[in-house]
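Novice: If you scroll down you'll find the structure; I have some questions about it.
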Amino acid sequence: MANTTGVAVKMVNITKSFGSVLADDQVNFELLHGEIHGLLGENGAGKTTLMNILYGLHQPDSGEIIIQGEKKEISSPHKAVEEGIGMVHQHFMQIPTLTVIDNVILGLESLNSFKLNRARARERLVQISKIYGLQVDPDACIWQLSIGDRQRVEILKALYREVKILILDEPTSVLTPQETTELFHTIRKLVDAGLSVVFITHKLEEAMSITDRVTVLRDGKVVATRKTQDTNKAELACFMVGREVLFRLKREPYEDKQKYEVLRVENLTVKSDRGSLAVRDVTFNVQSGEIVGIAGVDGNGQTELVQALTGLRHVQGGSFWVDGVNLTNASPREILEHKVGHIPEEQNDALVANFTLIENLMLNRHYTDEFSKCGILDQGKMESRSRELIRQYDVKASSEKAIARTLSGGNKQKLIVAREIARDPRLLVAAHPTRGVDIGAEESIRNLLLEKRRQGGAILLVSTKLDEVLSLSDRILVMEKGRIVGEVTREEADIEKIGLLMAGTRTTT
Amino acid sequence: MIEQFTSVVFLTGFLASMIRMATPIVIVALGEMVTERSGIMNLGIEGIVWIGAFAGFATTILTGSYIWGFLVGGIVGILFGLIMSVVAVEFHGHQIVAGLGIWILCNGLSGLLNRSIFGISTERPTIVATLPTIPIPGLSNIPIIGETLFNQNIIVYLTILAVPLINFFFKEISWGLNIDAVGEQPRAADAAGLRVGVIRTLSACFGGFLAGIGGAYLPLALYSIYTNDISTGLGWMAIVVLVFGKWRPWGILGGALIFGAANALKWRLQNTDLPLPYQITLMLPYLVTLVMVIFFVRGGSGPSALAKPFVRSEN
């Protein structure tokens with residue numbers, strides 16, 4: 001640990017492909033002792049794959065890994081841990097039904113003894129928690145914990161194994177701004193204690209604020225490695241996407257001054273799958289030509305709220321109206337026919353992966369008189385309409401008969417947006433409309449929503465991306481533990497204020 | 001007529017028979033529990049019971065030894081557990097189809113072997129006596145309970161011991177934790193350095209072993225003959241009991257006792273003056289299965305990764 005200048009890990013000419021997709025192409029990466037090294041890139045740039053290779057989850061097709069000057073084969077995560085490498089994945093590698101202690105000692109204890117020695121493990125875990133200020137209840141089951149707690153468990157797991165190198169994969173994507181600050185604090189403590197950290201992210205601010213050096217990946221290739229102090233956001237952004245990335249959003253006012261209420265929600269209460277209350281007594285409305293954004297950390301009732309409004313989940317109490325029609329606990333079809341569009345948070349909930357683009361585009365209207373006569377589908381009409389939509393919404397696909405599965409994430413999302421917006425809905429419920437899509441698609445989807453607003457559509461936007469909510473919404477509601485804990489208008493909104501509300505700190509007025 | 005059911009003799013006989021009948025269900029269900037908690041669903045256990053019954057029977061006829069009978073029954077079970085795990089772990093096969101395949105295969109195989117070894121004559125070979133009971137000195141003299149719990153054969157005793165032992169295994173032993181981990185979140189278990197395939201294979205083999213033992217129990221401890229319909233759904237009942245018991249040893253014991261009671265009653269009711277045709281009483285265990293499936297077996301909390309193949313390099 002005294003050696004703070006040497007190279008901890010060197011990855012040389014790493015290439016890895018999955019089927020025909022080249023994830024990493026001749027990548028060189030170097031991690032120094034005691035540094036925080038940012039690995040920056042868009043979704044699908046190959047960051048996670050590269051680190052999964054270092055952690056032994058994937059084997060590279062070619063290339064070498066050199067640790068402390070020695071060439072190593074890392075054939076499994078177990079081997080990686082032996083080499084002092086730990087990784088906190090974006091999707092936590094935890095068993096929800098087991099306790100924190102059991103998760104920490106999993107795969108470890110069996111090497112030493114047959115019977116589990118939980119008492120000893122607890123002692124050591126508590127000790128490590130104290131040293132690094134990572135508080136968590138060792139006897140709680142994972143599923144009972146908050147996301148922030150679960151992340152701390154992952155870090156503790158690595159520290160328990162005495163790793164010297166810690167890889168964090170997009171660690172802030174699930175955290176509130178305040179939890180993020182706390183995490184950064186922890187990371188600095190780790191580095192002070194002699195660890196080296198790889199910090200995977202696609203957020204420029206984070207790369208600038210926490211790292212010592214940054215390596216930027218694009219399409220599986222290293223574009224540049226820079227000392228953080230010698231670069232800036234604009235340069236990194238350019239490296240990342242290969243062009244200027246200022247969003248060109250066209251936010252034009254709603255033409256018709258006559259506003260009226262499209263969605264009215266009163267005292268809505270909805271249960272989660274576990275039977276606990278996910279949405280508690282929520283009241284709000286959305287007017288024509290208005291985007292209402294719902295901000296909040298994932299899992300605070302947004303999913304259940306959206307499902308309730310689209311007929312996918314039973315409403316326990318309260319009601320909601322669309323254009324004055326009470327649609328509480330109506331079937332999804334009824335709600336759809338009252339001109340409610342829905343962009344669900346999971347693409348799998350919107351698209352049938354093995355259907356063609358035509359079939360997917362027609363999924364919620366093939367039965368209408370426009371496309372079928374006495375139950376017989378009008379293939380020609382469906383085809384021509386689909387072709388039109390694909391062109392109009394700029395979905396990149398080989399043809400309208402392509403299978404949806406073969407599209408990229410961004411194009412799949414555009415397909416969903418095209419289907420929902422082209423129906424000319426009165427109300428559009430958009431849940432995380434740009435999650436997991438590339439910057440180009442993100443820009444065009446945001447513009448489509450703004451265009452819909454200009455035409456007088458009412459949009460309920462649920463997103464965990466604060467910049468998205470801030471840049472699109474006319475009003476912002478913050479959800480925390482199933483309640484709406486604050487409402488701010490576009491003019492008075494700022495990240496700090498919303499962040500505090502998201503974390504459950506109520507501002508006193 | 002009521003007296004028939006309340007007499008000490010009837011009650012003692014009924015309870016002892018209930019335990020004897022519940023035993024093979026507990027054995028097979030505990031084995032399947034281990035298999036399923038590792039993430040493999042082996043529907044072939046009905047077939048393994050069958051072939052285990054035949055292997056145990058044939059071995060005991062040929063060697064005169066119960067120990068060899070149970071051992072060979074268990075080893076044959078391991079063999080088919082291994083086949084199941086190879087399909088599930090190595091080839092990522094469809095586990096329901098593979099399980100049903102094993103069932104049909106074992107079914108035909110035991111019939112074929114029975115004919116080729118013992119011929120098709122109506123004179124069936126018979127084991128001289130079923131597995132002897134071992135009264136536990138002192139305890140077996142307690143009225144009702146003594147006869148029920150402490151005057152049974154060795155397999156019943158071992159089974160009663162196995163329930164808390166396996167419970168302890170899953171709660172306190174690292175291997176038990178590992179099995180649960182690969183059955184719940186194989187990806188996380190893999191990242192923790194566990195060998196998912198190995199753990200699943202061993203678990204399926206153990207499940208096959210117990211299914212074979214449970215099968216061998218039928219001719220060796222209950223019927224003393226082998227017929228081609230000896231299992232009468234023991235494997236299926238074990239699966240119902242497993243879900244009913246929510247994949248927990250004590251729950252399995254409870255569910256199996258209900259079936260044991262139904263099985264014990266089906267014979268006993270025929271010897272009473274109840275005006276019921278025997279076909280109805282013979283239906284009793286299956287009626288119980290139906291009732292349990294309809295009213296008590298709900299979606300349930302099975303292992304999250306049950307019957308899902310694990311592929312590491314899928315990105």
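Going through the structure tokens in order, the chains are called A, B, and so on, while each chain numbers its residues from 1 and the ligands are numbered from 1 in the order shown.
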What residues in range 284-374 of chain A get the DSSP label helix (DSSP H, G or I)? Please answer as a PyMOL selection string.
Specialist: chain A and resi 302-309+332-337+347-349+357-361
Novice: Give me the residues within 10 Å of Arg251 in chain A as a list of chain:residue names, counting only C-alpha atoms and dropping any in the same chain fewer than 5 places off.
Specialist: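 Close residues of Arg251 in chain A: A:Arg446, A:Asn447, A:Leu449, A:Leu450, A:Glu451, A:Arg453, A:Arg454, A:Ser471, A:Leu472.
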Novice: Suppose we keep N, CA and C atoms; can you now write the selection as a compact mmCIF listing (two decimals), in the first residue's frame?
Specialist:
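Saved file part.txt follows:
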# COMPACT_ATOMS: atom_id res chain seq x y z
N ARG A 446 -37.39 12.64 -26.39
CA ARG A 446 -37.79 13.82 -25.60
C ARG A 446 -38.50 14.85 -26.48
N ASN A 447 -37.98 15.02 -27.70
CA ASN A 447 -38.63 15.97 -28.59
C ASN A 447 -40.03 15.52 -29.00
N LEU A 449 -42.06 13.85 -27.12
CA LEU A 449 -42.94 14.14 -25.99
C LEU A 449 -43.30 15.63 -25.97
N LEU A 450 -42.31 16.48 -26.25
CA LEU A 450 -42.56 17.92 -26.25
C LEU A 450 -43.52 18.30 -27.37
N GLU A 451 -43.38 17.62 -28.51
CA GLU A 451 -44.26 17.89 -29.64
C GLU A 451 -45.71 17.50 -29.30
N ARG A 453 -46.95 17.49 -26.40
CA ARG A 453 -47.43 18.51 -25.46
C ARG A 453 -47.89 19.75 -26.21
N ARG A 454 -47.11 20.11 -27.24
CA ARG A 454 -47.46 21.31 -27.99
C ARG A 454 -48.82 21.16 -28.65
N SER A 471 -36.01 19.04 -17.53
CA SER A 471 -36.01 19.72 -18.83
C SER A 471 -37.36 19.59 -19.55
N LEU A 472 -38.17 18.59 -19.19
CA LEU A 472 -39.42 18.40 -19.92
C LEU A 472 -40.65 18.91 -19.18
Novice: Find the residues near Leu15 in chain B: any atom within 9 Å, counting only C-alpha atoms, skip ones fewer than 4 places away on the same chain, and give them as a compact mmCIF listing (two decimals) with C-alpha atoms, in the first residue's frame.
Specialist:
# COMPACT_ATOMS: atom_id res chain seq x y z
CA PHE B 10 -58.30 -49.36 15.53
CA LEU B 11 -56.64 -46.11 16.49
CA ILE B 19 -46.65 -43.38 9.77
CA ARG B 20 -45.57 -46.35 7.66
CA ILE B 144 -50.99 -45.96 21.32
CA ILE B 145 -47.86 -43.76 20.92
CA GLU B 147 -46.99 -48.80 18.84
CA THR B 148 -47.24 -45.80 16.51
CA LEU B 149 -43.79 -44.27 16.85
CA GLY B 260 -50.32 -41.31 5.13
CA ALA B 261 -53.64 -40.98 6.91
CA ALA B 264 -54.04 -45.91 5.95
Novice: Hey, list the chain B side of the contact with chain A: 10 Å cut-off, only C-alpha atoms, answer as a PyMOL selection string.
Specialist: chain B and resi 169+171-178+180-195+303-304+312-315
Novice: Go through range 83-306 of chain B and collect every residue that DSSP, computed from the backbone, puts in strand (DSSP E); the answer should be as a list in words.
Specialist: Thr133, Ile134, Pro135, Asn151, Gln152 and Asn153 of chain B
Novice: Keeping N, CA, C and O atoms, export the residues of the selection given above as a PDB file, in the first residue's frame.
Specialist:
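Okay, this is what ended up in again_36.pdb:
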ATOM      1  N   THR B 133     -39.840 -54.979  12.133  1.00  0.00           N
ATOM      2  CA  THR B 133     -39.938 -53.816  13.023  1.00  0.00           C
ATOM      3  C   THR B 133     -38.964 -53.993  14.167  1.00  0.00           C
ATOM      4  O   THR B 133     -38.651 -55.110  14.574  1.00  0.00           O
ATOM      5  N   ILE B 134     -38.484 -52.894  14.653  1.00  0.00           N
ATOM      6  CA  ILE B 134     -37.541 -52.918  15.776  1.00  0.00           C
ATOM      7  C   ILE B 134     -38.180 -52.149  16.922  1.00  0.00           C
ATOM      8  O   ILE B 134     -38.132 -50.917  16.937  1.00  0.00           O
ATOM      9  N   PRO B 135     -38.818 -52.828  17.854  1.00  0.00           N
ATOM     10  CA  PRO B 135     -39.413 -52.102  18.975  1.00  0.00           C
ATOM     11  C   PRO B 135     -38.324 -51.455  19.821  1.00  0.00           C
ATOM     12  O   PRO B 135     -37.289 -52.085  20.094  1.00  0.00           O
ATOM     13  N   ASN B 151     -42.476 -48.690  17.430  1.00  0.00           N
ATOM     14  CA  ASN B 151     -42.455 -50.091  17.002  1.00  0.00           C
ATOM     15  C   ASN B 151     -42.535 -50.115  15.482  1.00  0.00           C
ATOM     16  O   ASN B 151     -43.479 -50.627  14.892  1.00  0.00           O
ATOM     17  N   GLN B 152     -41.527 -49.535  14.868  1.00  0.00           N
ATOM     18  CA  GLN B 152     -41.519 -49.403  13.416  1.00  0.00           C
ATOM     19  C   GLN B 152     -40.237 -49.982  12.855  1.00  0.00           C
ATOM     20  O   GLN B 152     -39.344 -50.389  13.600  1.00  0.00           O
ATOM     21  N   ASN B 153     -40.134 -50.007  11.520  1.00  0.00           N
ATOM     22  CA  ASN B 153     -38.891 -50.504  10.923  1.00  0.00           C
ATOM     23  C   ASN B 153     -37.825 -49.405  10.903  1.00  0.00           C
ATOM     24  O   ASN B 153     -38.106 -48.232  11.153  1.00  0.00           O
TER      25      ASN B 153
END
Novice: Would you mind listing what lies within 9 Å of range 39-47 of chain A as a ChimeraX atom specification, with only C-alpha atoms counted and same-chain residues fewer than 6 positions away left out?
Specialist: /A:22-25,169,198-204,207,213-221,236-237,239-241,436-439
Novice: Keeping only N, CA and C atoms, write the selected residues as a CSV table (one decimal), in the first residue's frame.
Specialist:
chain,number,residue,atom,x,y,z
A,22,LEU,N,-19.4,-7.3,-31.2
A,22,LEU,CA,-18.1,-7.0,-30.6
A,22,LEU,C,-18.2,-6.1,-29.5
A,23,ALA,N,-18.1,-6.6,-28.2
A,23,ALA,CA,-18.3,-5.8,-27.1
A,23,ALA,C,-17.1,-5.0,-26.7
A,24,ASP,N,-15.9,-5.6,-26.8
A,24,ASP,CA,-14.7,-4.9,-26.5
A,24,ASP,C,-13.7,-5.3,-27.6
A,25,ASP,N,-13.0,-4.2,-28.1
A,25,ASP,CA,-12.1,-4.4,-29.3
A,25,ASP,C,-10.8,-3.9,-29.0
A,169,ASP,N,-19.8,-0.7,-10.6
A,169,ASP,CA,-20.5,-0.6,-11.9
A,169,ASP,C,-21.7,0.3,-11.8
A,198,VAL,N,-12.2,1.2,-9.5
A,198,VAL,CA,-12.6,1.5,-10.9
A,198,VAL,C,-14.1,1.9,-10.8
A,199,PHE,N,-14.4,3.1,-11.4
A,199,PHE,CA,-15.7,3.7,-11.2
A,199,PHE,C,-16.3,3.7,-12.6
A,200,ILE,N,-17.3,2.8,-12.9
A,200,ILE,CA,-17.9,2.8,-14.2
A,200,ILE,C,-19.1,3.8,-14.2
A,201,THR,N,-19.2,4.6,-15.2
A,201,THR,CA,-20.3,5.6,-15.2
A,201,THR,C,-20.6,6.1,-16.6
A,202,HIS,N,-21.8,6.6,-16.8
A,202,HIS,CA,-22.0,7.3,-18.1
A,202,HIS,C,-22.3,8.8,-17.8
A,203,LYS,N,-22.2,9.2,-16.5
A,203,LYS,CA,-22.5,10.5,-16.1
A,203,LYS,C,-21.2,11.4,-16.0
A,204,LEU,N,-21.2,12.4,-16.8
A,204,LEU,CA,-20.0,13.2,-16.9
A,204,LEU,C,-19.7,13.9,-15.5
A,207,ALA,N,-17.9,11.6,-13.2
A,207,ALA,CA,-16.5,11.3,-13.7
A,207,ALA,C,-15.6,12.5,-13.3
A,213,ARG,N,-8.4,9.7,-12.7
A,213,ARG,CA,-8.2,9.6,-14.2
A,213,ARG,C,-9.4,9.0,-14.8
A,214,VAL,N,-9.6,9.2,-16.1
A,214,VAL,CA,-10.7,8.7,-16.8
A,214,VAL,C,-10.3,8.0,-18.1
A,215,THR,N,-10.9,6.9,-18.3
A,215,THR,CA,-10.7,6.2,-19.6
A,215,THR,C,-12.1,6.2,-20.3
A,216,VAL,N,-12.2,6.7,-21.5
A,216,VAL,CA,-13.5,6.7,-22.2
A,216,VAL,C,-13.5,5.6,-23.3
A,217,LEU,N,-14.6,4.9,-23.2
A,217,LEU,CA,-14.9,3.8,-24.2
A,217,LEU,C,-16.0,4.3,-25.1
A,218,ARG,N,-15.9,3.9,-26.4
A,218,ARG,CA,-17.0,4.1,-27.3
A,218,ARG,C,-17.0,3.0,-28.3
A,219,ASP,N,-18.1,2.3,-28.5
A,219,ASP,CA,-18.3,1.2,-29.3
A,219,ASP,C,-17.2,0.1,-29.1
A,220,GLY,N,-16.9,-0.1,-27.9
A,220,GLY,CA,-15.9,-1.2,-27.6
A,220,GLY,C,-14.5,-0.8,-27.7
A,221,LYS,N,-14.2,0.5,-28.1
A,221,LYS,CA,-12.8,0.9,-28.2
A,221,LYS,C,-12.5,2.0,-27.2
A,236,LEU,N,-14.9,15.3,-22.6
A,236,LEU,CA,-15.2,13.9,-22.3
A,236,LEU,C,-16.5,13.6,-23.1
A,237,ALA,N,-17.5,14.5,-23.1
A,237,ALA,CA,-18.7,14.2,-23.8
A,237,ALA,C,-18.4,14.0,-25.3
A,239,PHE,N,-15.7,12.8,-26.6
A,239,PHE,CA,-15.1,11.5,-26.7
A,239,PHE,C,-16.2,10.4,-26.6
A,240,MET,N,-17.1,10.6,-25.7
A,240,MET,CA,-18.1,9.6,-25.4
A,240,MET,C,-19.0,9.3,-26.6
A,241,VAL,N,-19.5,10.4,-27.2
A,241,VAL,CA,-20.5,10.2,-28.3
A,241,VAL,C,-20.0,10.5,-29.7
A,436,GLY,N,-32.0,3.4,-20.8
A,436,GLY,CA,-31.3,2.4,-21.6
A,436,GLY,C,-31.2,2.7,-23.0
A,437,VAL,N,-31.4,3.9,-23.5
A,437,VAL,CA,-31.3,4.2,-24.9
A,437,VAL,C,-30.1,5.1,-25.1
A,438,ASP,N,-29.6,5.1,-26.4
A,438,ASP,CA,-28.5,6.0,-26.6
A,438,ASP,C,-28.9,7.4,-26.7
A,439,ILE,N,-27.9,8.3,-26.7
A,439,ILE,CA,-28.2,9.7,-26.6
A,439,ILE,C,-29.0,10.2,-27.8
Novice: State, in Å with one decimal place, the distance from CA of Arg423 in chain A to CA of Met362 in chain A.
Specialist: 10.4 Å
Novice: Can you list, as a VMD selection string, every protein, DNA or RNA residue that comes within 9 Å of range 315-324 of chain A when you count only C-alpha atoms, leaving out same-chain residues fewer than 3 positions away?
Specialist: chain A and resid 260 to 271 280 to 283 308 to 309 311 327 to 329 335 338 to 340 426 to 427
Novice: Just the number, please: distance in Å from CA of Glu162 in chain A to CA of Ser196 in chain A, one decimal.
Specialist: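 So the two atoms, CA of Glu162 in chain A and CA of Ser196 in chain A, lie 12.3 Å apart.
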Novice: In Å to one decimal, how far is CA of Ala404 in chain A from CA of Arg333 in chain A?
Specialist: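 CA of Ala404 in chain A lies 22.8 Å from CA of Arg333 in chain A.
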Novice: Do you know which residues are at most 10 Å from range 46-48 of chain B counting only C-alpha atoms, after dropping those on the same chain fewer than 6 positions away, and could you put them as a ChimeraX atom specification?
Specialist: /B:28,54,73-74,76-81,99-110,207-216,231-239
Novice: Find the residues around range 111-113 of chain B up to 10 Å (only C-alpha atoms counted), leave out those fewer than 4 positions away in its own chain, and share them as a list in words.
Specialist: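 Near range 111-113 of chain B, the qualifying residues are Trp50, Ile51, Phe54, Ala55, Ala58, Cys106, Asn107, Ile117, Phe118, Gly119, Thr227, Asn228 and Asp229 of chain B.
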